[in-house]
$ cat upload33.txt   # compact mmCIF, C-alpha atoms
# COMPACT_ATOMS: atom_id res chain seq x y z
CA MET A 11 17.18 75.78 145.99
CA HIS A 12 17.95 79.39 146.56
CA PRO A 13 20.11 81.13 143.94
CA VAL A 14 23.68 81.69 145.05
CA SER A 15 24.49 85.36 145.46
CA LEU A 16 27.51 86.60 143.53
CA LEU A 17 28.04 89.31 146.12
CA ARG A 18 30.23 88.27 149.00
CA THR A 19 31.22 90.08 152.11
CA PRO A 20 34.89 90.34 153.18
CA GLY A 21 36.16 87.23 154.86
CA ASP A 22 33.57 84.85 153.44
CA GLY A 23 36.04 83.05 151.14
CA ALA A 24 35.82 85.40 148.16
CA PRO A 25 38.99 85.79 146.03
CA PRO A 26 40.93 89.00 146.74
CA PRO A 27 39.97 91.90 144.52
CA LEU A 28 42.14 92.53 141.48
CA PRO A 29 44.74 95.23 142.12
CA SER A 30 43.66 98.57 140.77
CA LEU A 31 45.58 99.81 137.76
CA ARG A 32 47.85 102.73 138.42
CA PRO A 33 46.73 105.89 136.61
CA LEU A 34 48.87 106.36 133.51
CA ARG A 35 46.76 108.14 130.95
CA ARG A 36 46.50 111.90 130.70
CA GLU A 37 42.79 111.97 131.48
CA GLU A 38 43.38 109.80 134.56
CA VAL A 39 46.06 111.92 136.21
CA GLY A 40 45.21 115.50 135.21
CA GLU A 41 47.35 118.17 133.62
CA THR A 42 49.46 119.04 136.67
CA MET A 43 50.76 115.52 137.20
CA TRP A 44 51.01 114.80 133.45
CA ASN A 45 53.31 117.79 133.01
CA ASP A 46 55.54 116.77 135.93
CA TRP A 47 58.62 115.29 134.27
CA GLN A 48 59.61 113.37 137.39
CA TRP A 49 56.16 111.73 137.50
CA GLN A 50 56.64 110.76 133.86
CA LEU A 51 59.97 109.09 134.66
CA ARG A 52 58.63 107.30 137.74
CA ASN A 53 55.67 105.96 135.78
CA ARG A 54 57.35 104.67 132.65
CA LEU A 55 55.59 101.75 131.01
CA THR A 56 57.64 98.61 131.54
CA THR A 57 55.23 95.66 131.25
CA ALA A 58 52.77 94.27 128.75
CA ALA A 59 49.95 95.30 131.09
CA ASP A 60 51.22 98.89 131.10
CA LEU A 61 51.55 99.01 127.32
CA ALA A 62 48.14 97.43 126.82
CA ARG A 63 46.64 100.52 128.46
CA PHE A 64 47.70 102.48 125.36
CA VAL A 65 47.78 100.02 122.43
CA ARG A 66 46.30 96.72 121.31
CA LEU A 67 49.45 94.60 121.58
CA THR A 68 50.18 92.08 118.85
CA ASP A 69 51.42 88.57 119.58
CA GLU A 70 54.85 89.59 118.30
CA GLU A 71 54.95 92.59 120.66
CA ARG A 72 53.86 90.45 123.60
CA ALA A 73 56.63 87.98 122.76
CA GLY A 74 59.12 90.84 122.63
CA VAL A 75 58.09 92.20 126.03
CA ALA A 76 58.34 88.68 127.49
CA ILE A 77 61.94 88.18 126.36
CA ALA A 78 63.06 91.77 126.95
CA PRO A 79 64.49 91.25 130.46
CA ASP A 80 67.20 89.05 128.98
CA LEU A 81 67.96 91.48 126.15
CA PHE A 82 67.38 95.17 126.74
CA ARG A 83 64.91 96.76 129.09
CA VAL A 84 61.59 98.33 128.19
CA GLY A 85 60.70 101.81 129.41
CA VAL A 86 58.34 104.31 127.79
CA THR A 87 57.09 107.56 129.29
CA PRO A 88 53.31 107.88 129.36
CA TYR A 89 53.69 111.01 127.20
CA TYR A 90 55.56 109.15 124.45
CA ALA A 91 53.15 106.21 124.70
CA SER A 92 50.27 108.63 124.13
CA LEU A 93 51.69 109.29 120.64
CA MET A 94 51.27 105.64 119.65
CA ASP A 95 48.60 104.53 117.20
CA PRO A 96 46.64 102.10 119.40
CA GLU A 97 45.55 99.88 116.49
CA HIS A 98 48.40 99.99 113.96
CA PRO A 99 51.47 97.87 114.85
CA SER A 100 53.53 99.71 112.19
CA CYS A 101 53.16 102.98 114.11
CA PRO A 102 56.68 104.49 114.14
CA VAL A 103 56.46 105.32 117.85
CA ARG A 104 55.50 101.74 118.71
CA MET A 105 58.24 100.28 116.52
CA GLN A 106 60.87 102.44 118.22
CA SER A 107 59.87 101.59 121.78
CA ILE A 108 57.97 98.28 122.02
CA PRO A 109 60.17 95.21 121.51
CA VAL A 110 59.30 92.35 119.17
CA GLY A 111 60.37 88.74 119.27
CA VAL A 112 63.00 88.99 116.51
CA GLU A 113 65.19 91.07 118.84
CA ALA A 114 66.40 87.73 120.19
CA LEU A 115 67.94 86.88 116.82
CA ARG A 116 71.54 87.79 116.08
CA ALA A 117 72.26 88.57 112.42
CA GLU A 118 75.60 88.22 110.67
CA GLY A 119 77.95 91.03 111.65
CA GLU A 120 75.93 92.27 114.62
CA LEU A 121 78.00 93.15 117.68
CA ARG A 122 77.52 93.87 121.35
CA ASP A 123 79.68 97.00 121.05
CA PRO A 124 79.45 97.93 117.36
CA LEU A 125 81.40 101.18 117.65
CA GLY A 126 84.25 99.70 119.68
CA GLU A 127 83.67 102.18 122.49
CA ASP A 128 84.85 99.85 125.25
CA GLY A 129 88.29 99.75 123.64
CA LEU A 130 88.41 103.54 123.37
CA SER A 131 87.85 104.25 127.05
CA PRO A 132 91.08 105.47 128.72
CA ALA A 133 89.19 106.49 131.89
CA PRO A 134 85.84 105.68 133.52
CA SER A 135 82.88 107.21 131.63
CA ILE A 136 85.14 108.48 128.82
CA VAL A 137 85.21 107.46 125.15
CA HIS A 138 88.07 109.15 123.27
CA ARG A 139 87.90 108.37 119.56
CA TYR A 140 88.91 111.67 117.90
CA PRO A 141 91.91 113.79 118.94
CA ASP A 142 90.00 116.97 119.83
CA ARG A 143 86.80 115.63 121.43
CA VAL A 144 85.61 113.14 124.01
CA LEU A 145 82.34 111.51 124.93
CA LEU A 146 81.50 111.82 128.63
CA LEU A 147 78.90 109.26 129.76
CA ALA A 148 76.99 110.87 132.61
CA LEU A 149 74.48 108.13 133.47
CA ASP A 150 72.82 105.02 132.07
CA ARG A 151 69.16 106.09 132.31
CA CYS A 152 66.95 107.26 129.44
CA ALA A 153 63.37 108.49 129.43
CA VAL A 154 62.60 105.92 126.70
CA TYR A 155 64.69 102.88 125.77
CA CYS A 156 64.85 102.89 121.98
CA ARG A 157 64.84 99.50 120.30
CA HIS A 158 67.60 100.63 117.91
CA CYS A 159 69.94 101.80 120.70
CA ASN A 160 73.62 101.23 119.86
CA ARG A 161 74.58 101.38 123.53
CA ARG A 162 72.16 98.82 124.91
CA ARG A 163 75.02 96.92 126.54
CA LEU A 164 75.31 99.86 128.96
CA VAL A 165 72.13 101.92 128.95
CA GLY A 166 69.35 100.98 131.33
CA GLN A 167 71.22 98.29 133.19
CA ASP A 168 70.99 99.98 136.60
CA ASP A 169 68.79 102.94 135.62
CA GLY A 170 70.81 105.40 137.63
CA VAL A 171 73.68 107.81 137.69
CA ILE A 172 77.30 106.84 137.27
CA SER A 173 79.20 107.11 140.56
CA ARG A 174 80.69 110.44 141.60
CA PRO A 175 84.24 108.96 141.79
CA ASP A 176 83.95 107.70 138.20
CA LEU A 177 82.76 111.10 137.01
CA GLU A 178 85.60 112.79 138.92
CA ALA A 179 88.05 110.44 137.20
CA ALA A 180 86.51 111.33 133.83
CA LEU A 181 86.83 115.05 134.53
CA ASP A 182 90.43 114.55 135.64
CA TYR A 183 91.18 112.82 132.32
CA ILE A 184 89.79 115.80 130.40
CA ARG A 185 91.85 118.21 132.51
CA ARG A 186 95.04 116.25 131.75
CA THR A 187 94.33 115.86 128.04
CA THR A 188 94.88 119.33 126.65
CA THR A 189 94.08 118.34 123.05
CA VAL A 190 90.40 118.03 124.02
CA ARG A 191 88.44 121.08 122.85
CA ASP A 192 84.94 119.59 122.66
CA VAL A 193 83.12 117.52 125.30
CA LEU A 194 79.92 115.68 124.40
CA ILE A 195 77.88 114.80 127.50
CA SER A 196 75.66 111.84 126.81
CA GLY A 197 74.81 108.49 128.34
CA GLY A 198 71.91 107.57 128.87
CA ASP A 199 70.21 110.93 128.73
CA PRO A 200 71.86 113.75 130.71
CA LEU A 201 68.68 115.84 130.85
CA THR A 202 67.04 113.18 133.03
CA LEU A 203 69.46 114.18 135.80
CA SER A 204 68.27 116.68 138.38
CA THR A 205 69.16 120.24 137.43
CA ASP A 206 71.67 120.64 140.27
CA LYS A 207 73.54 117.40 139.41
CA LEU A 208 73.62 118.32 135.73
CA GLU A 209 74.90 121.79 136.58
CA TRP A 210 77.72 120.33 138.69
CA LEU A 211 78.85 118.28 135.72
CA ILE A 212 78.53 121.05 133.14
CA SER A 213 80.19 123.65 135.34
CA SER A 214 83.07 121.27 136.04
CA VAL A 215 83.66 120.83 132.31
CA ARG A 216 83.28 124.56 131.61
CA ALA A 217 85.96 125.32 134.22
CA ILE A 218 88.58 123.44 132.14
CA ASP A 219 90.51 126.10 130.21
CA HIS A 220 91.24 124.15 127.04
CA VAL A 221 87.61 123.04 126.49
CA ASP A 222 86.02 125.30 123.88
CA ILE A 223 82.51 123.88 123.59
CA ILE A 224 80.15 121.59 125.46
CA ARG A 225 77.55 119.49 123.68
CA ILE A 226 74.66 117.53 125.15
CA GLY A 227 73.05 114.56 123.44
CA THR A 228 69.44 114.10 124.53
CA ARG A 229 66.11 112.66 123.44
CA VAL A 230 64.20 114.54 126.14
CA PRO A 231 62.52 117.01 123.71
CA VAL A 232 61.12 113.97 121.87
CA CYS A 233 59.85 111.77 124.68
CA LEU A 234 59.89 113.94 127.85
CA PRO A 235 59.43 117.55 126.64
CA MET A 236 58.01 118.75 129.98
CA ARG A 237 61.56 118.34 131.39
CA VAL A 238 62.61 121.46 129.47
CA ASP A 239 61.39 123.95 132.05
CA ASP A 240 62.45 127.48 132.98
CA GLU A 241 64.85 126.26 135.68
CA LEU A 242 66.71 123.99 133.27
CA CYS A 243 66.99 126.62 130.54
CA ALA A 244 68.16 129.30 132.97
CA MET A 245 70.90 126.96 134.17
CA LEU A 246 72.05 125.88 130.71
CA LYS A 247 72.36 129.41 129.36
CA ARG A 248 75.02 130.16 131.99
CA TYR A 249 77.50 127.82 130.28
CA HIS A 250 77.74 128.97 126.67
CA PRO A 251 79.04 128.03 124.17
CA LEU A 252 76.77 125.03 124.66
CA PHE A 253 75.04 123.02 121.93
CA ILE A 254 72.30 120.38 122.07
CA ASN A 255 71.68 117.57 119.59
CA THR A 256 68.39 115.76 119.90
CA HIS A 257 66.94 112.70 118.18
CA PHE A 258 63.64 112.99 116.28
CA ASN A 259 63.08 110.13 113.85
CA HIS A 260 59.54 110.69 112.54
CA PRO A 261 57.23 113.69 112.06
CA LYS A 262 54.70 112.00 114.37
CA GLU A 263 57.07 113.06 117.18
CA LEU A 264 56.86 116.77 116.24
CA THR A 265 54.12 117.60 118.71
CA PRO A 266 53.19 121.02 120.16
CA GLU A 267 54.89 119.95 123.40
CA ALA A 268 58.10 119.04 121.56
CA LYS A 269 57.97 122.35 119.69
CA ARG A 270 57.66 124.31 122.94
CA ALA A 271 60.62 122.42 124.44
CA CYS A 272 62.85 123.15 121.44
CA GLU A 273 61.81 126.79 121.30
CA ARG A 274 62.59 127.24 124.99
CA LEU A 275 66.08 125.88 124.46
CA ALA A 276 66.58 128.03 121.37
CA ASP A 277 65.36 131.10 123.25
CA ALA A 278 68.04 130.35 125.85
CA GLY A 279 70.60 130.81 123.06
CA ILE A 280 71.33 127.12 122.57
CA PRO A 281 71.87 126.00 118.95
CA LEU A 282 69.89 122.82 118.29
CA GLY A 283 70.74 119.99 115.91
CA ASN A 284 69.01 116.71 115.22
CA GLN A 285 70.52 113.26 114.69
CA SER A 286 68.07 110.86 113.06
CA VAL A 287 68.65 107.17 112.52
CA LEU A 288 67.47 105.66 109.24
CA LEU A 289 65.09 102.92 110.38
CA ARG A 290 63.47 100.33 108.12
CA ARG A 291 59.71 100.72 107.79
CA ILE A 292 59.77 103.65 110.24
CA ASN A 293 61.31 106.52 108.28
CA SER A 294 62.89 104.78 105.29
CA SER A 295 61.16 106.92 102.67
CA ALA A 296 61.98 110.28 101.13
CA ARG A 297 58.53 111.73 101.76
CA VAL A 298 58.51 111.03 105.49
CA LEU A 299 62.06 112.37 105.96
CA GLU A 300 61.21 115.49 103.95
CA ASP A 301 58.25 116.04 106.27
CA LEU A 302 60.49 115.47 109.30
CA PHE A 303 63.30 117.77 108.18
CA ARG A 304 60.93 120.59 107.20
CA GLY A 305 59.16 120.27 110.54
CA LEU A 306 62.43 120.38 112.45
CA LEU A 307 63.43 123.65 110.79
CA ARG A 308 60.07 125.14 111.76
CA MET A 309 60.98 124.21 115.35
CA ARG A 310 64.42 125.90 114.96
CA VAL A 311 66.26 122.56 114.92
CA LYS A 312 68.89 121.96 112.22
CA PRO A 313 68.92 118.43 110.73
CA TYR A 314 72.54 117.45 111.43
CA TYR A 315 73.13 113.72 110.86
CA LEU A 316 71.14 110.92 109.28
CA PHE A 317 72.78 107.75 110.60
CA GLN A 318 72.89 104.41 108.91
CA GLY A 319 71.79 101.99 111.65
CA ASP A 320 74.64 100.53 113.68
CA PRO A 321 74.98 96.71 113.57
CA VAL A 322 74.12 96.18 117.22
CA PHE A 323 72.80 92.85 118.46
CA GLY A 324 69.05 92.39 117.87
CA THR A 325 68.44 95.31 115.50
CA ASP A 326 68.74 93.73 112.06
CA HIS A 327 64.99 94.07 111.51
CA LEU A 328 65.31 97.86 111.87
CA ARG A 329 68.35 98.48 109.67
CA THR A 330 68.14 99.51 106.03
CA PRO A 331 70.49 98.70 103.13
CA VAL A 332 73.09 101.42 102.61
CA ALA A 333 71.72 102.03 99.11
CA THR A 334 68.38 103.07 100.62
CA GLY A 335 69.88 106.04 102.44
CA ILE A 336 71.83 107.14 99.37
CA GLU A 337 68.71 106.93 97.21
CA ILE A 338 66.71 108.95 99.73
CA MET A 339 69.35 111.69 99.92
CA ASP A 340 69.46 111.81 96.12
CA ALA A 341 65.67 112.21 96.02
CA LEU A 342 65.77 115.03 98.59
CA ARG A 343 68.63 117.00 97.00
CA GLY A 344 67.17 120.02 95.25
CA ARG A 345 63.71 119.48 96.75
CA LEU A 346 64.87 120.65 100.16
CA THR A 347 66.82 123.73 101.20
CA GLY A 348 70.39 122.91 102.18
CA MET A 349 69.52 123.96 105.74
CA ALA A 350 67.18 120.94 105.91
CA MET A 351 69.68 118.42 104.51
CA PRO A 352 71.56 116.37 107.13
CA GLN A 353 74.79 114.54 106.41
CA LEU A 354 74.28 110.83 105.77
CA VAL A 355 76.93 108.89 107.69
CA ILE A 356 77.97 105.41 108.70
CA ASP A 357 79.60 105.16 112.11
CA ALA A 358 82.24 102.63 111.14
CA PRO A 359 82.23 99.43 113.23
CA GLY A 360 85.16 98.88 115.55
CA GLY A 361 85.74 102.56 116.31
CA GLY A 362 86.49 103.73 112.79
CA GLY A 363 84.54 106.94 113.24
CA LYS A 364 81.84 108.65 111.21
CA LEU A 365 82.17 108.26 107.44
CA PRO A 366 80.05 110.49 105.17
CA ILE A 367 78.34 108.70 102.31
CA GLY A 368 75.97 109.88 99.62
CA PRO A 369 75.08 110.05 95.94
CA ASN A 370 77.91 110.45 93.46
CA TYR A 371 77.58 113.72 91.55
CA ILE A 372 81.04 113.58 89.91
CA LEU A 373 80.75 111.49 86.76
CA SER A 374 84.29 112.04 85.51
CA TRP A 375 87.34 114.00 86.59
CA GLY A 376 89.72 115.01 83.86
CA THR A 377 92.89 117.07 84.02
CA ASP A 378 91.11 120.39 83.50
CA THR A 379 87.37 119.59 83.54
CA LEU A 380 84.90 117.78 85.78
CA LYS A 381 81.67 116.33 84.44
CA LEU A 382 78.92 116.62 87.05
CA ARG A 383 75.35 115.45 87.49
CA ASN A 384 72.96 117.89 89.17
CA TRP A 385 69.81 117.16 91.17
CA GLU A 386 67.71 117.23 87.97
CA ASP A 387 70.00 114.63 86.35
CA LYS A 388 71.35 117.23 83.97
CA ILE A 389 75.02 116.91 83.00
CA VAL A 390 77.18 119.99 83.49
CA GLU A 391 80.90 120.74 83.14
CA TYR A 392 83.09 122.55 85.62
CA HIS A 393 86.44 123.91 84.38
CA GLU A 394 89.36 123.91 86.81
CA PRO A 395 91.18 127.23 87.38
CA ALA A 396 94.38 127.86 85.44
CA GLU A 397 96.31 128.52 88.65
CA ARG A 398 96.53 125.50 90.98
CA ASP A 399 98.74 126.83 93.81
CA VAL A 400 96.52 126.84 96.93
CA THR A 401 99.15 127.98 99.45
CA CYS A 402 97.82 130.64 101.86
CA PRO A 403 100.66 133.17 102.27
CA TYR A 404 99.14 134.80 105.37
CA ASP A 405 98.93 131.54 107.34
CA ASP A 406 102.28 131.93 109.08
CA VAL A 407 101.44 135.50 110.08
CA TRP A 408 98.04 134.55 111.43
CA PHE A 409 99.18 131.53 113.41
CA ALA A 410 102.36 133.07 114.84
CA GLY A 411 102.04 133.02 118.60
CA ARG A 412 98.61 131.31 118.53
CA ALA A 413 99.74 127.78 119.40
CA ARG A 414 98.02 126.34 122.46
$ encode --input "upload33.txt" --output "structure tokens"
Amino acid sequence: MHPVSLLRTPGDGAPPPLPSLRPLRREEVGETMWNDWQWQLRNRLTTAADLARFVRLTDEERAGVAIAPDLFRVGVTPYYASLMDPEHPSCPVRMQSIPVGVEALRAEGELRDPLGEDGLSPAPSIVHRYPDRVLLLALDRCAVYCRHCNRRRLVGQDDGVISRPDLEAALDYIRRTTTVRDVLISGGDPLTLSTDKLEWLISSVRAIDHVDIIRIGTRVPVCLPMRVDDELCAMLKRYHPLFINTHFNHPKELTPEAKRACERLADAGIPLGNQSVLLRRINSSARVLEDLFRGLLRMRVKPYYLFQGDPVFGTDHLRTPVATGIEIMDALRGRLTGMAMPQLVIDAPGGGGKLPIGPNYILSWGTDTLKLRNWEDKIVEYHEPAERDVTCPYDDVWFAGRAR
């Protein structure tokens, strides 16, 4: 009997060849394509097969990817995936972007809309919680879908822009509401819009006389830093005063590419702040947050907020006890320059707004003297002034004729 050849010619009954894997890794696509931000967006990792090109998936991660379509979508840029530790499932980049099976569990107190934004929306794409500022939701797409996202009920559902009529209605609301001085453009991630679409939106807001400042909330410097190119920066600098808050959570994200993106924005005159979320087993230690905050300052980014995790459906495994954040801030006080210290806040469920929390340094408060604890746990006294009248006599002069 002749041996059977394993080589078959087309059409002789052989099974079809396996589909070739699309190139996703830096060495497969070359520097030009890798640094094309639109290529990065088009080639986000969305399946277990995609993710397995970068990491050795655990059973729990595979279970999370399998159930994700019914919960909250998966999408990771190849750049951000390249930061993952391929062998260690506790890698902070993996834990932020690859789902796990426990996301299907709903803990006590978790909500679909934890901040009550849907009830604070007087117009399409607008959330108006505070008298002088509004949130303008520009789109529902992000470069990476974070597992701790507090807006997962909205973000990533259609992966596109919000309709032009809805955005026009949002702009009209801002024009009519003259108490609004500050507009935060967020979403989704506004910097994933094309430059011309983003400029239309920013210029429309800037044209409103009573708006003082524009802010942009973005995670692009973290997970899509090649988006921050010369064209984008040249456009943004035309609309000052403009501020950007980004979202670094771990020093592993402070790459040379991220540093270049932040420095480009800063060189365009844009003040940069960072809003971290305190995440269990990701950054829930004083030493890792100290490393993060020091690194951010070196990149010209001011640590602005450290958020207690919002009680959104499926994120209980990532939230820390409130005491953890307070203990961390107490440990950092005195070790870090005040420039590196963010404000620890809880965004109160139901639309209650941001509430600052932190260690208690006032031990007692008498009629004339306060007893205080400093960062070294030394007890000091502060004596109140003899004169208690705090009226500012020049106020009426200064504010005469300044009402708007």
$ closest_residue --input "upload33.txt" --among "A:Glu300, A:Glu397, A:Asp176, A:Glu113" --to "Phe82 in chain A" --atoms "all atoms listed in the file"
A:Glu113
$ residues_around --input "upload33.txt" --residues "Pro235 in chain A" --least-positions-apart "4" --cutoff "9 Å" --atoms "all atoms listed in the file" --output "PDB file with C-alpha atoms, keeping the file's coordinate frame"
ATOM      1  CA  ASN A  45      53.310 117.790 133.010  1.00  0.00           C
ATOM      2  CA  TRP A  47      58.620 115.290 134.270  1.00  0.00           C
ATOM      3  CA  TYR A  89      53.690 111.010 127.200  1.00  0.00           C
ATOM      4  CA  ARG A 229      66.110 112.660 123.440  1.00  0.00           C
ATOM      5  CA  VAL A 230      64.200 114.540 126.140  1.00  0.00           C
ATOM      6  CA  PRO A 231      62.520 117.010 123.710  1.00  0.00           C
ATOM      7  CA  ASP A 239      61.390 123.950 132.050  1.00  0.00           C
ATOM      8  CA  GLU A 267      54.890 119.950 123.400  1.00  0.00           C
ATOM      9  CA  ALA A 268      58.100 119.040 121.560  1.00  0.00           C
ATOM     10  CA  LYS A 269      57.970 122.350 119.690  1.00  0.00           C
ATOM     11  CA  ARG A 270      57.660 124.310 122.940  1.00  0.00           C
ATOM     12  CA  ALA A 271      60.620 122.420 124.440  1.00  0.00           C
ATOM     13  CA  CYS A 272      62.850 123.150 121.440  1.00  0.00           C
TER      14      CYS A 272
END
$ residues_around --input "upload33.txt" --residues "Asp320 in chain A" --least-positions-apart "4" --cutoff "7 Å" --atoms "only C-alpha atoms" --output "list in words"
Pro124, Asn160 and Asp357 of chain A
$ closest_residue --input "upload33.txt" --among "A:Leu282, A:Leu208, A:Ile254, A:Ala358" --to "Gln318 in chain A" --atoms "only C-alpha atoms"
A:Ala358
$ residues_around --input "upload33.txt" --residues "Ile136 in chain A" --least-positions-apart "5" --cutoff "12 Å" --atoms "all atoms listed in the file" --output "PyMOL selection string"
chain A and resi 127-131+143-149+172+176-184+187+190+193-197
$ build_atoms --input "upload33.txt" --residues "range 303-311 of chain A" --atoms "all heavy atoms" --output "PDB file, in the coordinates of the input"
ATOM      1  N   PHE A 303      62.265 116.730 108.225  1.00  0.00           N
ATOM      2  CA  PHE A 303      63.300 117.770 108.180  1.00  0.00           C
ATOM      3  C   PHE A 303      62.685 119.164 108.052  1.00  0.00           C
ATOM      4  O   PHE A 303      63.173 120.119 108.655  1.00  0.00           O
ATOM      5  CB  PHE A 303      64.269 117.492 107.027  1.00  0.00           C
ATOM      6  CG  PHE A 303      65.018 116.183 107.153  1.00  0.00           C
ATOM      7  CD1 PHE A 303      65.495 115.526 106.022  1.00  0.00           C
ATOM      8  CD2 PHE A 303      65.231 115.601 108.393  1.00  0.00           C
ATOM      9  CE1 PHE A 303      66.172 114.328 106.133  1.00  0.00           C
ATOM     10  CE2 PHE A 303      65.904 114.395 108.515  1.00  0.00           C
ATOM     11  CZ  PHE A 303      66.378 113.754 107.379  1.00  0.00           C
ATOM     12  N   ARG A 304      61.610 119.294 107.277  1.00  0.00           N
ATOM     13  CA  ARG A 304      60.930 120.590 107.200  1.00  0.00           C
ATOM     14  C   ARG A 304      60.340 120.971 108.560  1.00  0.00           C
ATOM     15  O   ARG A 304      60.421 122.121 108.997  1.00  0.00           O
ATOM     16  CB  ARG A 304      59.829 120.551 106.139  1.00  0.00           C
ATOM     17  CG  ARG A 304      60.329 120.489 104.707  1.00  0.00           C
ATOM     18  CD  ARG A 304      59.172 120.694 103.722  1.00  0.00           C
ATOM     19  NE  ARG A 304      59.585 120.457 102.355  1.00  0.00           N
ATOM     20  CZ  ARG A 304      60.218 121.344 101.590  1.00  0.00           C
ATOM     21  NH1 ARG A 304      60.540 122.530 102.096  1.00  0.00           N
ATOM     22  NH2 ARG A 304      60.545 121.042 100.348  1.00  0.00           N
ATOM     23  N   GLY A 305      59.739 119.995 109.226  1.00  0.00           N
ATOM     24  CA  GLY A 305      59.160 120.270 110.540  1.00  0.00           C
ATOM     25  C   GLY A 305      60.202 120.663 111.566  1.00  0.00           C
ATOM     26  O   GLY A 305      59.957 121.529 112.411  1.00  0.00           O
ATOM     27  N   LEU A 306      61.366 120.029 111.508  1.00  0.00           N
ATOM     28  CA  LEU A 306      62.430 120.380 112.450  1.00  0.00           C
ATOM     29  C   LEU A 306      62.875 121.831 112.257  1.00  0.00           C
ATOM     30  O   LEU A 306      63.075 122.568 113.239  1.00  0.00           O
ATOM     31  CB  LEU A 306      63.620 119.440 112.257  1.00  0.00           C
ATOM     32  CG  LEU A 306      63.441 118.025 112.806  1.00  0.00           C
ATOM     33  CD1 LEU A 306      64.554 117.110 112.327  1.00  0.00           C
ATOM     34  CD2 LEU A 306      63.385 118.024 114.336  1.00  0.00           C
ATOM     35  N   LEU A 307      63.034 122.264 111.017  1.00  0.00           N
ATOM     36  CA  LEU A 307      63.430 123.650 110.790  1.00  0.00           C
ATOM     37  C   LEU A 307      62.396 124.621 111.339  1.00  0.00           C
ATOM     38  O   LEU A 307      62.745 125.682 111.876  1.00  0.00           O
ATOM     39  CB  LEU A 307      63.661 123.907 109.303  1.00  0.00           C
ATOM     40  CG  LEU A 307      64.953 123.368 108.686  1.00  0.00           C
ATOM     41  CD1 LEU A 307      65.108 123.918 107.266  1.00  0.00           C
ATOM     42  CD2 LEU A 307      66.186 123.730 109.517  1.00  0.00           C
ATOM     43  N   ARG A 308      61.112 124.265 111.204  1.00  0.00           N
ATOM     44  CA  ARG A 308      60.070 125.140 111.760  1.00  0.00           C
ATOM     45  C   ARG A 308      60.182 125.234 113.275  1.00  0.00           C
ATOM     46  O   ARG A 308      59.749 126.216 113.878  1.00  0.00           O
ATOM     47  CB  ARG A 308      58.682 124.632 111.364  1.00  0.00           C
ATOM     48  CG  ARG A 308      58.350 124.839 109.891  1.00  0.00           C
ATOM     49  CD  ARG A 308      56.858 124.633 109.624  1.00  0.00           C
ATOM     50  NE  ARG A 308      56.437 123.265 109.862  1.00  0.00           N
ATOM     51  CZ  ARG A 308      56.456 122.313 108.942  1.00  0.00           C
ATOM     52  NH1 ARG A 308      56.877 122.579 107.705  1.00  0.00           N
ATOM     53  NH2 ARG A 308      56.038 121.087 109.233  1.00  0.00           N
ATOM     54  N   MET A 309      60.778 124.216 113.910  1.00  0.00           N
ATOM     55  CA  MET A 309      60.980 124.210 115.350  1.00  0.00           C
ATOM     56  C   MET A 309      62.353 124.757 115.739  1.00  0.00           C
ATOM     57  O   MET A 309      62.756 124.649 116.889  1.00  0.00           O
ATOM     58  CB  MET A 309      60.821 122.786 115.886  1.00  0.00           C
ATOM     59  CG  MET A 309      59.391 122.304 115.859  1.00  0.00           C
ATOM     60  SD  MET A 309      59.164 120.511 116.123  1.00  0.00           S
ATOM     61  CE  MET A 309      60.296 120.177 117.454  1.00  0.00           C
ATOM     62  N   ARG A 310      63.097 125.296 114.739  1.00  0.00           N
ATOM     63  CA  ARG A 310      64.420 125.900 114.960  1.00  0.00           C
ATOM     64  C   ARG A 310      65.474 124.845 115.306  1.00  0.00           C
ATOM     65  O   ARG A 310      66.398 125.079 116.086  1.00  0.00           O
ATOM     66  CB  ARG A 310      64.353 126.999 116.014  1.00  0.00           C
ATOM     67  CG  ARG A 310      63.486 128.170 115.572  1.00  0.00           C
ATOM     68  CD  ARG A 310      62.903 128.945 116.723  1.00  0.00           C
ATOM     69  NE  ARG A 310      63.916 129.660 117.479  1.00  0.00           N
ATOM     70  CZ  ARG A 310      63.664 130.368 118.582  1.00  0.00           C
ATOM     71  NH1 ARG A 310      62.429 130.428 119.053  1.00  0.00           N
ATOM     72  NH2 ARG A 310      64.619 131.000 119.204  1.00  0.00           N
ATOM     73  N   VAL A 311      65.312 123.657 114.724  1.00  0.00           N
ATOM     74  CA  VAL A 311      66.260 122.560 114.920  1.00  0.00           C
ATOM     75  C   VAL A 311      66.869 122.224 113.560  1.00  0.00           C
ATOM     76  O   VAL A 311      66.146 121.945 112.600  1.00  0.00           O
ATOM     77  CB  VAL A 311      65.560 121.313 115.496  1.00  0.00           C
ATOM     78  CG1 VAL A 311      66.567 120.186 115.685  1.00  0.00           C
ATOM     79  CG2 VAL A 311      64.859 121.643 116.810  1.00  0.00           C
TER      80      VAL A 311
END
